[in-house]
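Colleague: My structure is in coords.cif, and what it holds is mmCIF, C-alpha atoms and all ligand atoms:
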```cif
data_target
loop_
_atom_site.label_atom_id
_atom_site.label_comp_id
_atom_site.auth_asym_id
_atom_site.auth_seq_id
_atom_site.Cartn_x
_atom_site.Cartn_y
_atom_site.Cartn_z
CA MET A 1 159.72 72.73 76.54
CA ILE A 2 156.02 73.61 76.47
CA THR A 3 154.59 74.81 79.79
CA CYS A 4 150.92 75.03 80.75
CA SER A 5 149.35 75.82 84.10
CA ALA A 6 145.97 75.27 85.72
CA PRO A 7 144.44 76.76 88.89
CA GLY A 8 143.35 75.09 92.07
CA LYS A 9 139.91 75.72 93.47
CA VAL A 10 137.86 76.20 96.60
CA TYR A 11 134.26 75.11 97.15
CA LEU A 12 131.87 77.78 98.37
CA PHE A 13 129.19 75.08 98.49
CA GLY A 14 128.52 71.53 97.55
CA GLU A 15 131.56 69.30 97.90
CA HIS A 16 130.53 65.65 98.31
CA ALA A 17 126.86 66.51 97.51
CA VAL A 18 127.89 67.22 93.92
CA VAL A 19 129.10 63.62 93.56
CA TYR A 20 125.41 62.64 93.84
CA GLY A 21 124.17 65.24 91.34
CA GLU A 22 123.34 68.02 93.79
CA SER A 23 124.51 71.53 92.92
CA ALA A 24 127.86 73.01 93.91
CA ILE A 25 129.49 76.41 93.53
CA CYS A 26 133.23 76.27 93.10
CA CYS A 27 135.77 78.99 92.33
CA ALA A 28 139.20 78.87 90.77
CA VAL A 29 141.93 80.48 92.87
CA GLU A 30 145.25 82.01 91.87
CA LEU A 31 147.34 79.04 93.12
CA ARG A 32 148.53 77.11 90.11
CA THR A 33 150.15 73.86 89.01
CA LYS A 34 152.63 74.18 86.15
CA VAL A 35 153.40 71.26 83.82
CA SER A 36 156.30 71.41 81.34
CA VAL A 37 156.67 68.78 78.62
CA GLU A 38 159.20 67.92 75.89
CA LYS A 39 159.67 64.97 73.58
CA SER A 40 162.56 62.71 74.66
CA ASP A 41 164.73 60.82 72.17
CA GLU A 42 165.09 57.60 74.10
CA ASN A 43 161.37 56.70 73.78
CA GLU A 44 161.30 56.91 77.58
CA ILE A 45 158.47 58.32 79.76
CA ILE A 46 159.87 60.51 82.56
CA ILE A 47 157.57 62.17 85.15
CA GLU A 48 159.25 64.47 87.67
CA SER A 49 157.36 66.05 90.58
CA ILE A 50 157.49 66.70 94.33
CA LEU A 51 156.41 63.05 94.67
CA GLY A 52 159.48 61.71 92.89
CA ARG A 53 160.95 60.88 89.47
CA THR A 54 159.25 57.92 87.79
CA GLY A 55 158.22 56.46 84.47
CA LEU A 56 154.58 55.57 83.81
CA ASP A 57 153.66 54.76 87.42
CA HIS A 58 150.05 54.40 88.62
CA ASP A 59 151.16 54.28 92.26
CA THR A 60 153.23 57.48 92.47
CA HIS A 61 151.72 59.41 89.54
CA PRO A 62 148.27 57.89 88.85
CA TYR A 63 146.70 61.02 87.35
CA VAL A 64 149.60 61.89 85.02
CA SER A 65 150.07 58.25 84.02
CA TYR A 66 146.41 58.06 82.98
CA VAL A 67 146.83 61.37 81.10
CA ILE A 68 149.61 59.87 79.00
CA GLU A 69 147.59 56.72 78.34
CA LYS A 70 144.47 58.70 77.40
CA MET A 71 146.37 61.18 75.22
CA ARG A 72 147.80 58.22 73.25
CA ARG A 73 144.31 58.06 71.70
CA PHE A 74 145.11 61.41 70.04
CA ALA A 75 148.88 61.27 69.51
CA ASP A 76 151.72 58.82 69.07
CA ILE A 77 153.33 59.50 72.46
CA LYS A 78 156.52 57.45 72.71
CA GLY A 79 159.23 59.35 74.66
CA VAL A 80 158.17 62.36 76.74
CA ARG A 81 159.54 64.18 79.79
CA ILE A 82 156.98 65.81 82.11
CA ILE A 83 158.02 68.19 84.89
CA ILE A 84 155.44 69.29 87.48
CA GLU A 85 155.78 72.30 89.80
CA SER A 86 152.90 73.43 91.95
CA GLU A 87 151.82 76.14 94.41
CA LEU A 88 149.04 73.79 95.55
CA PRO A 89 149.51 71.58 98.60
CA VAL A 90 148.89 67.96 97.63
CA GLY A 91 145.87 66.13 99.02
CA SER A 92 144.50 69.26 100.66
CA GLY A 93 141.12 69.98 99.17
CA LEU A 94 142.35 72.67 96.77
CA GLY A 95 142.00 70.49 93.69
CA SER A 96 145.68 69.66 93.18
CA SER A 97 144.68 66.44 91.41
CA ALA A 98 142.44 68.30 88.96
CA ALA A 99 145.04 71.01 88.35
CA VAL A 100 147.84 68.56 87.58
CA THR A 101 145.55 66.50 85.35
CA VAL A 102 144.21 69.48 83.39
CA ALA A 103 147.62 71.16 82.99
CA SER A 104 149.20 67.86 81.85
CA ILE A 105 146.49 67.30 79.25
CA GLN A 106 146.82 70.83 77.87
CA ALA A 107 150.63 70.65 77.75
CA LEU A 108 150.55 67.38 75.77
CA ASN A 109 147.68 68.80 73.67
CA HIS A 110 150.03 71.62 72.58
CA LEU A 111 153.16 69.43 72.27
CA TYR A 112 151.46 66.91 69.95
CA GLU A 113 148.97 69.39 68.41
CA CYS A 114 145.99 67.16 69.28
CA GLY A 115 143.43 69.95 68.85
CA LEU A 116 141.52 69.18 72.08
CA SER A 117 139.01 71.93 73.01
CA LEU A 118 138.60 73.23 76.57
CA GLU A 119 135.41 71.14 76.86
CA GLY A 120 137.40 68.14 75.62
CA ILE A 121 140.14 68.78 78.20
CA ALA A 122 137.59 69.07 81.04
CA LYS A 123 135.83 65.87 79.92
CA THR A 124 139.06 63.86 79.61
CA ALA A 125 140.29 65.16 82.98
CA HIS A 126 136.99 64.23 84.65
CA GLU A 127 137.23 60.69 83.21
CA ILE A 128 140.72 60.42 84.72
CA GLU A 129 139.62 61.64 88.19
CA LYS A 130 136.85 59.02 88.11
CA MET A 131 139.35 56.30 87.11
CA VAL A 132 141.68 57.20 89.98
CA GLN A 133 139.09 58.01 92.68
CA GLY A 134 136.39 55.47 91.86
CA ASN A 135 133.87 58.28 91.73
CA ALA A 136 134.27 61.99 91.00
CA SER A 137 132.08 64.91 90.06
CA PRO A 138 133.10 67.06 87.08
CA THR A 139 133.50 70.08 89.38
CA ASP A 140 137.20 70.23 90.12
CA THR A 141 138.36 69.48 86.60
CA TYR A 142 135.78 71.78 84.98
CA VAL A 143 136.72 74.72 87.23
CA SER A 144 140.43 74.09 86.77
CA THR A 145 139.92 74.09 82.99
CA MET A 146 137.53 77.05 82.70
CA GLY A 147 138.51 79.24 85.68
CA GLY A 148 136.16 81.71 87.33
CA VAL A 149 133.19 80.71 89.50
CA VAL A 150 131.17 77.78 88.24
CA MET A 151 127.92 76.14 89.26
CA ILE A 152 127.94 72.38 88.69
CA PRO A 153 126.25 70.28 87.29
CA GLN A 154 124.72 73.25 85.44
CA ARG A 155 128.23 74.26 84.20
CA LYS A 156 127.05 77.83 84.61
CA LYS A 157 129.61 80.66 84.96
CA LEU A 158 128.73 83.04 87.80
CA ASP A 159 130.20 86.47 88.62
CA LEU A 160 133.64 86.49 90.21
CA ILE A 161 133.86 86.57 94.00
CA ASN A 162 135.34 89.97 94.76
CA CYS A 163 136.40 89.50 98.34
CA PRO A 164 139.72 88.05 99.49
CA ILE A 165 139.83 84.31 100.09
CA VAL A 166 141.84 82.97 103.01
CA VAL A 167 142.79 79.29 102.91
CA GLY A 168 143.86 77.50 106.08
CA ASN A 169 145.86 74.32 105.65
CA THR A 170 145.83 71.77 108.49
CA HIS A 171 148.70 69.92 106.79
CA LYS A 172 146.88 66.69 107.52
CA PHE A 173 146.88 64.64 104.30
CA SER A 174 143.41 63.76 103.07
CA SER A 175 142.78 61.35 100.21
CA THR A 176 139.74 62.33 98.17
CA LYS A 177 139.27 58.70 97.15
CA GLU A 178 139.04 57.65 100.81
CA LEU A 179 136.70 60.44 101.94
CA VAL A 180 134.37 60.00 98.94
CA GLY A 181 134.30 56.29 99.80
CA ASN A 182 133.43 57.01 103.44
CA VAL A 183 130.47 59.21 102.46
CA ALA A 184 129.25 56.57 100.01
CA LYS A 185 129.28 53.98 102.82
CA LEU A 186 127.39 56.29 105.22
CA ARG A 187 124.85 57.06 102.50
CA SER A 188 124.25 53.39 101.81
CA ASP A 189 123.95 52.64 105.54
CA PHE A 190 121.54 55.53 106.28
CA PRO A 191 120.01 56.72 102.99
CA SER A 192 116.98 58.39 104.62
CA VAL A 193 119.33 60.48 106.79
CA ILE A 194 122.23 61.24 104.46
CA GLU A 195 120.35 61.89 101.22
CA PRO A 196 118.33 64.82 102.66
CA ILE A 197 121.58 66.33 103.99
CA LEU A 198 123.20 66.13 100.55
CA TYR A 199 120.00 67.54 99.00
CA ASN A 200 120.04 70.50 101.44
CA ILE A 201 123.68 71.23 100.65
CA GLY A 202 122.69 71.38 96.98
CA GLN A 203 119.75 73.68 97.79
CA MET A 204 122.15 76.18 99.36
CA SER A 205 124.13 76.34 96.12
CA ILE A 206 120.90 77.11 94.28
CA LEU A 207 119.98 79.84 96.78
CA ALA A 208 123.51 81.27 96.55
CA GLU A 209 123.53 81.66 92.76
CA LYS A 210 121.48 84.90 92.96
CA LEU A 211 123.40 86.08 96.04
CA VAL A 212 126.71 85.82 94.13
CA SER A 213 125.37 88.01 91.33
CA GLU A 214 124.10 90.51 93.94
CA GLY A 215 127.41 90.40 95.84
CA ASP A 216 125.49 89.62 99.04
CA TYR A 217 128.44 87.98 100.79
CA LYS A 218 126.86 88.34 104.25
CA THR A 219 124.05 85.97 103.33
CA ILE A 220 126.40 83.75 101.33
CA GLY A 221 128.49 83.52 104.49
CA LYS A 222 125.53 82.41 106.61
CA LEU A 223 124.76 79.63 104.12
CA MET A 224 128.41 78.57 103.89
CA ASN A 225 128.52 78.19 107.67
CA ILE A 226 125.41 75.98 107.54
CA ASN A 227 127.14 73.95 104.81
CA GLN A 228 130.06 73.45 107.20
CA GLY A 229 127.74 71.97 109.82
CA LEU A 230 126.31 69.55 107.25
CA LEU A 231 129.81 68.46 106.18
CA ASP A 232 130.56 67.63 109.80
CA ALA A 233 127.29 65.65 109.87
CA ILE A 234 128.43 63.42 106.96
CA GLY A 235 131.71 62.71 108.70
CA VAL A 236 134.25 64.69 106.67
CA GLY A 237 135.22 67.16 109.40
CA SER A 238 138.11 66.91 111.82
CA ALA A 239 139.23 68.56 115.05
CA GLU A 240 142.00 70.41 113.20
CA LEU A 241 139.63 71.71 110.52
CA SER A 242 137.09 72.85 113.13
CA SER A 243 139.77 74.65 115.08
CA LEU A 244 140.80 76.66 112.00
CA VAL A 245 137.15 77.28 111.00
CA TYR A 246 136.29 78.75 114.40
CA ALA A 247 139.55 80.71 114.59
CA ALA A 248 138.70 82.31 111.22
CA ARG A 249 135.14 83.10 112.27
CA GLY A 250 136.34 84.49 115.60
CA SER A 251 138.62 86.92 113.76
CA GLY A 252 135.81 88.38 111.68
CA ALA A 253 135.59 86.10 108.64
CA ILE A 254 132.28 86.42 106.74
CA SER A 255 132.28 82.62 106.60
CA ALA A 256 134.56 79.64 107.12
CA LYS A 257 134.13 76.02 106.07
CA ILE A 258 135.95 72.93 104.83
CA THR A 259 136.87 72.96 101.15
CA GLY A 260 137.16 69.76 99.13
CA ALA A 261 137.16 66.23 100.48
CA GLY A 262 137.76 67.22 104.13
CA GLY A 263 139.12 64.84 106.75
CA GLY A 264 142.26 66.97 106.72
CA GLY A 265 143.53 69.36 104.11
CA CYS A 266 142.13 72.85 103.96
CA MET A 267 139.34 75.11 105.06
CA VAL A 268 138.36 78.34 103.31
CA ALA A 269 137.22 81.69 104.71
CA LEU A 270 135.74 84.71 102.95
CA ALA A 271 137.32 87.91 104.24
CA GLY A 272 135.60 91.24 104.63
CA GLU A 273 136.87 94.62 103.44
CA ASN A 274 140.27 94.58 105.11
CA ASN A 275 140.53 91.74 107.58
CA ALA A 276 142.23 89.05 105.48
CA GLU A 277 145.47 89.52 107.43
CA ASP A 278 143.64 89.23 110.77
CA ILE A 279 141.98 86.01 109.61
CA ALA A 280 145.28 84.62 108.37
CA ARG A 281 146.94 85.44 111.70
CA ALA A 282 144.12 83.74 113.62
CA ILE A 283 144.45 80.61 111.44
CA GLU A 284 148.22 80.51 112.05
CA ASN A 285 147.72 81.00 115.79
CA ALA A 286 145.37 78.01 115.71
CA GLY A 287 148.10 75.84 114.17
CA GLY A 288 147.30 76.10 110.48
CA GLU A 289 149.16 77.56 107.53
CA ALA A 290 147.27 80.50 106.02
CA ILE A 291 147.31 81.45 102.34
CA ILE A 292 145.61 84.67 101.22
CA THR A 293 144.49 84.37 97.63
CA ASN A 294 141.79 85.49 95.24
CA ASN A 295 139.30 84.08 92.80
CA THR A 296 140.71 84.02 89.23
CA LYS A 297 138.93 83.99 85.90
CA GLU A 298 142.00 82.29 84.37
CA GLY A 299 141.58 78.55 83.82
CA VAL A 300 144.13 76.35 82.12
CA ARG A 301 146.57 78.41 80.08
CA LEU A 302 149.71 78.18 77.97
CA GLU A 303 152.63 79.69 79.91
CA SER A 304 155.45 79.26 77.37
CA LEU A 305 156.29 77.43 74.20
CA HIS A 306 160.02 76.93 74.89
CA GLY A 307 162.61 77.63 77.53
N1 LIG A 401 152.33 68.56 92.26
C1 LIG A 401 151.92 67.31 92.02
N2 LIG A 401 152.74 66.44 91.40
C2 LIG A 401 152.34 65.18 91.13
N3 LIG A 401 151.12 64.67 91.46
C3 LIG A 401 150.26 65.50 92.10
C4 LIG A 401 150.60 66.85 92.41
N4 LIG A 401 149.54 67.41 93.06
C5 LIG A 401 148.59 66.45 93.14
N5 LIG A 401 149.02 65.29 92.58
C6 LIG A 401 148.26 64.04 92.50
O1 LIG A 401 146.96 64.27 93.08
C7 LIG A 401 146.83 63.49 94.28
C8 LIG A 401 146.07 64.30 95.34
O2 LIG A 401 144.74 64.40 94.85
P1 LIG A 401 143.47 64.42 95.87
O3 LIG A 401 143.59 63.29 96.82
O4 LIG A 401 142.25 64.55 95.03
O5 LIG A 401 143.73 65.76 96.70
P2 LIG A 401 143.38 67.26 96.30
O6 LIG A 401 142.37 67.69 97.30
O7 LIG A 401 144.69 68.00 96.45
O8 LIG A 401 142.83 67.27 94.88
C9 LIG A 401 148.24 63.16 94.73
O9 LIG A 401 148.24 61.97 95.50
C10 LIG A 401 148.93 62.97 93.37
O10 LIG A 401 148.64 61.68 92.81
C1 LIG A 402 134.70 65.61 97.59
C2 LIG A 402 134.55 66.14 96.19
O1 LIG A 402 133.24 66.70 96.02
C3 LIG A 402 135.60 67.25 95.95
C4 LIG A 402 137.05 66.79 96.13
O2 LIG A 402 137.94 67.90 96.05
P1 LIG A 402 139.52 67.68 96.36
O3 LIG A 402 140.01 66.53 95.49
O4 LIG A 402 139.64 67.32 97.85
O5 LIG A 402 140.19 68.99 96.06
C5 LIG A 402 134.75 64.96 95.22
C6 LIG A 402 134.29 65.31 93.79
O6 LIG A 402 133.49 66.25 93.59
O7 LIG A 402 134.77 64.62 92.89
MG MG A 403 141.36 66.08 94.05
#
```
Mind converting the file's structure to structure tokens?
Modeller:
Amino acid sequence: MITCSAPGKVYLFGEHAVVYGESAICCAVELRTKVSVEKSDENEIIIESILGRTGLDHDTHPYVSYVIEKMRRFADIKGVRIIIESELPVGSGLGSSAAVTVASIQALNHLYECGLSLEGIAKTAHEIEKMVQGNASPTDTYVSTMGGVVMIPQRKKLDLINCPIVVGNTHKFSSTKELVGNVAKLRSDFPSVIEPILYNIGQMSILAEKLVSEGDYKTIGKLMNINQGLLDAIGVGSAELSSLVYAARGSGAISAKITGAGGGGCMVALAGENNAEDIARAIENAGGEAIITNNTKEGVRLESLHG
């Protein structure tokens, strides 16, 4: 068995706007998806995950099924068994789709010695997210591949965020494909209203680049909270997300906003010196599940070559 893992991510700025070429700042977090692969004798494809045990199946396992089909361009993949285990809640804005796609590509890359580079992995994974979602920015898959804090579309590595990150999960499923579609519809209905909002979200990422290098989290927090208001404006908020956002802010979070597609899923808060536990408690009291995590520089990585 060859096992690889890839991290999930949170957006400090720029989800949805980045789909239209505006800038985003996204950071990898130490919540990972592990993918183990081995060749199987019976020329059979087996994919096992929390979603079920299937063969090549674009309904249950669209991302992994596309990975196998794409990787057949580099290797003669006949029978393979793929086992997925993840710390990332599915459909929650933490990039579980990107993490499973990137880790699957890297595991098969090692198993069949395809020689794909990290850039090649990120590019292939982005193509797959676009095939599944209809439209996708390169953000999630690039950050899951490279780790750290990344500015997209510049693909620029920024300094790590050195304050604790508290994620609040509403446990309301949110399909990225659906939310991205909703924003596209709103944008086509009201271009003169929605395009400036997306532009302003991108401008906050550009302002924040210098603030990250200065470690000015207070100002970053102010901008993140403005970003939250603009995400509500483009229709990707929800009552549950707002309740967790305001609970986090009320307990002293530097900032709190939706992360990822929205509609459900997760919000993210930046904690101060020593109030991550207070923020987590406030999120739980407001009905969410809190996860305290950190930014990680580790992108996709080989976990083991056998076992
Ligand atoms: N652990 C997993 N095992 C199998 N498929 C997964 C896993 N995690 C995510 N996925 C795939 O990614 C999809 C969720 O992706 P998406 O809607 O983009 O949400 P997210 O915000 O988590 O990236 C799932 O429907 C599934 O197809
Ligand atoms: C909404 C979007 O900007 C981020 C989606 O993140 P997630 O799949 O919800 O983790 C879509 C994209 O960038 O492809
Ligand atoms: Mg996704």
Colleague: Select the residues contacting ligand MG 403 (chain A) at a distance of at most 10 Å, based on all atoms listed in the file, then format the selection as a PDB file with C-alpha atoms, keeping the file's coordinate frame.
Modeller:
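File selection.pdb, as written:
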```
ATOM      1  CA  GLY A   8     143.350  75.090  92.070  1.00  0.00           C
ATOM      2  CA  LYS A   9     139.910  75.720  93.470  1.00  0.00           C
ATOM      3  CA  TYR A  63     146.700  61.020  87.350  1.00  0.00           C
ATOM      4  CA  VAL A  90     148.890  67.960  97.630  1.00  0.00           C
ATOM      5  CA  GLY A  91     145.870  66.130  99.020  1.00  0.00           C
ATOM      6  CA  SER A  92     144.500  69.260 100.660  1.00  0.00           C
ATOM      7  CA  GLY A  93     141.120  69.980  99.170  1.00  0.00           C
ATOM      8  CA  LEU A  94     142.350  72.670  96.770  1.00  0.00           C
ATOM      9  CA  GLY A  95     142.000  70.490  93.690  1.00  0.00           C
ATOM     10  CA  SER A  96     145.680  69.660  93.180  1.00  0.00           C
ATOM     11  CA  SER A  97     144.680  66.440  91.410  1.00  0.00           C
ATOM     12  CA  ALA A  98     142.440  68.300  88.960  1.00  0.00           C
ATOM     13  CA  ALA A  99     145.040  71.010  88.350  1.00  0.00           C
ATOM     14  CA  VAL A 100     147.840  68.560  87.580  1.00  0.00           C
ATOM     15  CA  THR A 101     145.550  66.500  85.350  1.00  0.00           C
ATOM     16  CA  GLU A 129     139.620  61.640  88.190  1.00  0.00           C
ATOM     17  CA  VAL A 132     141.680  57.200  89.980  1.00  0.00           C
ATOM     18  CA  GLN A 133     139.090  58.010  92.680  1.00  0.00           C
ATOM     19  CA  ALA A 136     134.270  61.990  91.000  1.00  0.00           C
ATOM     20  CA  THR A 139     133.500  70.080  89.380  1.00  0.00           C
ATOM     21  CA  ASP A 140     137.200  70.230  90.120  1.00  0.00           C
ATOM     22  CA  THR A 141     138.360  69.480  86.600  1.00  0.00           C
ATOM     23  CA  SER A 174     143.410  63.760 103.070  1.00  0.00           C
ATOM     24  CA  SER A 175     142.780  61.350 100.210  1.00  0.00           C
ATOM     25  CA  THR A 176     139.740  62.330  98.170  1.00  0.00           C
ATOM     26  CA  LYS A 177     139.270  58.700  97.150  1.00  0.00           C
ATOM     27  CA  GLY A 260     137.160  69.760  99.130  1.00  0.00           C
ATOM     28  CA  ALA A 261     137.160  66.230 100.480  1.00  0.00           C
TER      29      ALA A 261
END
```
Colleague: Between A:Glu277, A:Glu119, A:Glu85, A:Glu127, which one has atoms that come closest to ligand LIG 401 (chain A), using only C-alpha atoms and all ligand atoms?
Modeller: A:Glu85
Colleague: What is the distance, in Å and to one decimal place, between CA of Asn182 in chain A and CA of Tyr142 in chain A?
Modeller: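 CA of Asn182 in chain A sits 23.8 Å away from CA of Tyr142 in chain A.
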Colleague: When you draw a straight line from CA of Leu111 in chain A to atom O10 of ligand LIG 401 (chain A), how long is it in Å?
Modeller: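 Between CA of Leu111 in chain A and atom O10 of ligand LIG 401 (chain A) the gap works out to 22.4 Å.
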Colleague: Pick the closest to Val102 in chain A from A:Met146, A:Ala184, A:Ile291, A:Ile2: which is it, counting all atoms listed in the file?
Modeller: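 Looking at the shortest contact to Val102 in chain A, the residue is A:Met146.
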Colleague: Using all atoms listed in the file, which of the listed residues (A:Glu298, A:Glu42, A:Glu22, A:Glu273) sits closest to Ile165 in chain A?
Modeller: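 Looking at the shortest contact to Ile165 in chain A, the residue is A:Glu273.
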Colleague: What does the distance between CA of Glu303 in chain A and CA of Lys130 in chain A come to in Å, to one decimal place?
Modeller: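 Result for CA of Glu303 in chain A versus CA of Lys130 in chain A: 27.3 Å, one decimal.
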Colleague: Quick one: of A:Thr145, A:Gln203, A:Asn135, A:Ser104, who's nearest to Lys123 in chain A, counting only C-alpha atoms?
Modeller: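 Smallest separation from Lys123 in chain A among the options: A:Thr145.
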Colleague: Return the single residue from A:Val149, A:Ile46, A:Ala269, A:Val67 that is closest to Asn295 in chain A, with distances computed using only C-alpha atoms.
Modeller: A:Val149
Colleague: Please identify all polymer residues within 10 Å of Met151 in chain A, counting all atoms listed in the file, omitting same-chain residues fewer than 2 positions from it, and present them as a list in words.
Modeller: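 Residues meeting the cut-off are Phe13, Gly14, Ser23, Ala24, Ile25, Cys26, Cys27, Thr139, Tyr142, Val143, Val149, Pro153, Gln154, Arg155, Lys156, Lys157, Leu158, Ser205, Ile206, Ala208 and Glu209 of chain A.
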Colleague: Kindly provide, as a ChimeraX atom specification, the polymer residues lying within 9 Å of (139.7, 90.5, 105.2), counting only C-alpha atoms and using the coordinates exactly as they appear in the file.
Modeller: /A:163-166,252-254,270-280
Colleague: Once 4 Å is added on each side, what centre and edge lengths in Å to one decimal does the axis-aligned box around all listed atoms of ligand LIG 401 (chain A) have, as JSON?
Modeller:
```
{"center_x": 147.5, "center_y": 65.1, "center_z": 94.2, "size_x": 18.5, "size_y": 14.9, "size_z": 14.2}
```
Colleague: Return the single residue from A:Asn285, A:Ser5, A:Ser40, A:Ser144 that is closest to ligand LIG 402 (chain A), with distances computed using only C-alpha atoms and all ligand atoms.
Modeller: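 Comparing A:Asn285, A:Ser5, A:Ser40, A:Ser144 against ligand LIG 402 (chain A), the winner is A:Ser144.
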